[in-house]
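Please read the structure below before turning to the comments.
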Amino acid sequence: MDNTLNTQDAYAALKIRDYRYYVLARFVMTMAIQMQSVIVGWQIYDLTHDPLSLGLIGLVEAIPFFCVALFAGHIADIVSRKKIIVITTSIYVICAAILFSLSTSFSVFVKEFSVLPIYGVILITGFARGFMFPAQVAFAAQLVPTELFGNASTWNSVAWQTAAVSGPAIGGLVCGFYNFGTAYFVVFCMAFLGVVFYALIHKKPVPERVKEETIWESLGEGLKFVFSNQIILSAISLDMFAVFFGGAVSVLPIFADQILHTGAKGLGFLRAAPAVGALIMSFVQAYRPPFKNAGRNLLLGVLGFGITMVLFAISKNFYFALLVLMISGMCDNISVIIRATIIQLNTPDEMRGRVSSVNSVFIGSSNELGSFESGLAAKLMGLVPSVIFGGSMTIVVVGAIRKLAPKLRKLSL
């Protein structure tokens, strides 16, 4: 590791070769995953026109994810993290190839079984993601010195958000102008490129374990560490409940079709809008890190996210909806960067896999189960009332965490 790096340099982490490849790999893999998400969502909506079917996408991915998440964290602390990442990203490549085939040569399976074959592929990606996430987070911490964790988290977010901007937009546009098969082929190419970039990173040693443990003792240590640390627990709980209630990604196809009347092309831009705002905020935070009064900034960011979700629910104009979603992404990005830095700074290297896996369970609860909650709530309450309810609950969660977690509220990194 280069000890001459200037920690005040906004580009310090990117001057490390392996971290540059990591950021490139994260970018193209995230683009592939985001494209696939919007394509699958539109394809299932096109086949069913049912909000619950959209919500089930998240549930189908969440079930295998939760089944393996904690065990995957244990594996990430005893097996080469690079090997885990290369294997799991390769599975994404295979899944993209299957989705391409289901939309072209083997479309007869979709005609015969409707959305079930697509759900089957998403189930496989859920298993892959369960193993990939903790290994990915833990591996990133091995690529930069401790003093650059905050800077690295910022550029990691830039890569993710840039891909989250371009992925949905490209996915929606390719679907709109071409077809599902072409769109999935682009996903396949991007995922394959991600595997190549990960393979170019130098292998890092498996961290030495402090003591010998059984697998159950190992898993218990990870859970105990997280639940005994008020700052980490409250930070990830805040994100989990806020996104679980406030996220509206899974029902965006319905907004695009029934409320804003924009079709697949508009859906791509709606999906990309939060990432545009997050990308802007990532660059702002690269030069003006939010770590002074980090706890306060984290709470304000999530509060802003909840408010923007309520505004989005009542929007009738496409451009206003884009603006509100962009602001929601800016608010969310503050939370993402602060939370990632909190976890990296407060976790010993030999426990990063297990702590990341616990974090992944919280994130998975907010994203995948949140998608199911959004679809179910839209089915039961109606589209607009369900999103208003979710945004309001996010605001309530912020108030509760502020009162119950004084250490987080007063935190300054």
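If you're wondering about the labels, chains in the structure tokens are A, B, ... by order shown, residues count from 1 in each chain, ligands from 1 in order shown.
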
- Find the residues around Ala159 of chain A up to 7 Å (only C-alpha atoms counted), leave out those fewer than 3 positions away in its own chain, and share them as a ChimeraX atom specification. /A:23,26-27,155-156,162-163

- Message: List the spatial neighbours of segment 96-106 of chain A as a PyMOL selection string - criterion: any atom at most 12 Å away, only C-alpha atoms, same-chain residues fewer than 5 positions off excluded.
- Response: chain A and resi 29+32-33+35-37+39-40+43-44+89-91+111-122+124-125+175+179-192

- Note on the structure: Taken to one decimal, the atom CA of Cys331 of chain A-atom CA of Leu260 of chain A distance is 23.5 Å

- Message: List the spatial neighbours of Val324 of chain A as a VMD selection string - criterion: any atom at most 10 Å away, only C-alpha atoms, same-chain residues fewer than 2 positions off excluded.
- Response: chain A and resid 273 to 274 277 305 307 to 313 315 319 to 322 326 to 330

Produce a file of the selected residues containing N, CA and C atoms, as an mmCIF file, in the first residue's frame.
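Now in part-v9.cif:
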```cif
data_model
loop_
_atom_site.group_PDB
_atom_site.id
_atom_site.type_symbol
_atom_site.label_atom_id
_atom_site.label_comp_id
_atom_site.auth_asym_id
_atom_site.auth_seq_id
_atom_site.Cartn_x
_atom_site.Cartn_y
_atom_site.Cartn_z
ATOM 1 N N ALA A 273 -33.596 8.549 -12.165
ATOM 2 C CA ALA A 273 -33.613 9.867 -11.527
ATOM 3 C C ALA A 273 -33.008 9.887 -10.119
ATOM 4 N N PRO A 274 -33.361 8.941 -9.206
ATOM 5 C CA PRO A 274 -32.725 8.971 -7.882
ATOM 6 C C PRO A 274 -31.205 8.834 -7.960
ATOM 7 N N GLY A 277 -29.500 12.167 -8.818
ATOM 8 C CA GLY A 277 -29.320 12.985 -7.620
ATOM 9 C C GLY A 277 -28.228 12.449 -6.720
ATOM 10 N N PHE A 305 -35.491 11.995 2.470
ATOM 11 C CA PHE A 305 -35.936 10.906 1.612
ATOM 12 C C PHE A 305 -37.426 10.626 1.821
ATOM 13 N N ILE A 307 -39.749 12.656 2.972
ATOM 14 C CA ILE A 307 -40.561 13.784 2.476
ATOM 15 C C ILE A 307 -40.702 13.732 0.962
ATOM 16 N N THR A 308 -39.607 13.432 0.264
ATOM 17 C CA THR A 308 -39.669 13.389 -1.200
ATOM 18 C C THR A 308 -40.552 12.254 -1.706
ATOM 19 N N MET A 309 -40.619 11.144 -0.960
ATOM 20 C CA MET A 309 -41.497 10.053 -1.376
ATOM 21 C C MET A 309 -42.965 10.466 -1.308
ATOM 22 N N VAL A 310 -43.320 11.247 -0.291
ATOM 23 C CA VAL A 310 -44.694 11.749 -0.195
ATOM 24 C C VAL A 310 -44.987 12.683 -1.370
ATOM 25 N N LEU A 311 -44.036 13.555 -1.688
ATOM 26 C CA LEU A 311 -44.218 14.483 -2.819
ATOM 27 C C LEU A 311 -44.329 13.734 -4.139
ATOM 28 N N PHE A 312 -43.536 12.667 -4.298
ATOM 29 C CA PHE A 312 -43.610 11.885 -5.531
ATOM 30 C C PHE A 312 -44.981 11.236 -5.679
ATOM 31 N N ALA A 313 -45.520 10.752 -4.575
ATOM 32 C CA ALA A 313 -46.807 10.049 -4.633
ATOM 33 C C ALA A 313 -47.918 10.937 -5.174
ATOM 34 N N SER A 315 -47.459 13.556 -7.203
ATOM 35 C CA SER A 315 -47.076 14.239 -8.442
ATOM 36 C C SER A 315 -47.866 13.694 -9.623
ATOM 37 N N TYR A 319 -42.058 15.607 -15.281
ATOM 38 C CA TYR A 319 -40.810 16.321 -14.977
ATOM 39 C C TYR A 319 -40.702 16.652 -13.490
ATOM 40 N N PHE A 320 -41.826 16.968 -12.858
ATOM 41 C CA PHE A 320 -41.801 17.187 -11.410
ATOM 42 C C PHE A 320 -41.456 15.891 -10.691
ATOM 43 N N ALA A 321 -42.013 14.782 -11.188
ATOM 44 C CA ALA A 321 -41.708 13.476 -10.592
ATOM 45 C C ALA A 321 -40.224 13.170 -10.709
ATOM 46 N N LEU A 322 -39.631 13.462 -11.862
ATOM 47 C CA LEU A 322 -38.191 13.258 -12.037
ATOM 48 C C LEU A 322 -37.396 14.089 -11.045
ATOM 49 N N MET A 326 -35.018 12.723 -8.061
ATOM 50 C CA MET A 326 -33.606 13.093 -8.044
ATOM 51 C C MET A 326 -33.204 13.604 -6.657
ATOM 52 N N ILE A 327 -34.052 14.430 -6.048
ATOM 53 C CA ILE A 327 -33.767 14.931 -4.696
ATOM 54 C C ILE A 327 -33.767 13.783 -3.693
ATOM 55 N N SER A 328 -34.650 12.811 -3.889
ATOM 56 C CA SER A 328 -34.668 11.653 -2.991
ATOM 57 C C SER A 328 -33.336 10.903 -3.054
ATOM 58 N N GLY A 329 -32.766 10.815 -4.250
ATOM 59 C CA GLY A 329 -31.465 10.165 -4.400
ATOM 60 C C GLY A 329 -30.354 10.934 -3.720
ATOM 61 N N MET A 330 -30.418 12.257 -3.765
ATOM 62 C CA MET A 330 -29.419 13.084 -3.075
ATOM 63 C C MET A 330 -29.470 12.837 -1.572
#
```

- Task: Write down as JSON, numbers by chain the residues belonging to segment 229-333 of chain A that are assigned helix (DSSP H, G or I) by DSSP computed on the backbone.
- Result: {"A": [230, 231, 232, 233, 234, 235, 236, 237, 238, 239, 240, 241, 242, 243, 244, 245, 246, 249, 250, 251, 252, 253, 254, 255, 256, 257, 258, 259, 263, 264, 265, 266, 267, 268, 269, 270, 271, 272, 273, 274, 275, 276, 277, 278, 279, 280, 281, 282, 283, 284, 285, 286, 287, 294, 295, 296, 297, 298, 299, 300, 301, 302, 303, 304, 305, 306, 307, 308, 309, 310, 311, 312, 313, 318, 319, 320, 321, 322, 323, 324, 325, 326, 327, 328, 329, 330, 331, 332, 333]}

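Proximity of A:Val206, A:Ile334, A:Ala248, A:Val384 to Arg352 of chain A, computed with only C-alpha atoms, is greatest for A:Val206.
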
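Atom CA of Tyr287 of chain A to atom CA of His202 of chain A spans 28.8 Å [interatomic distance, one decimal].
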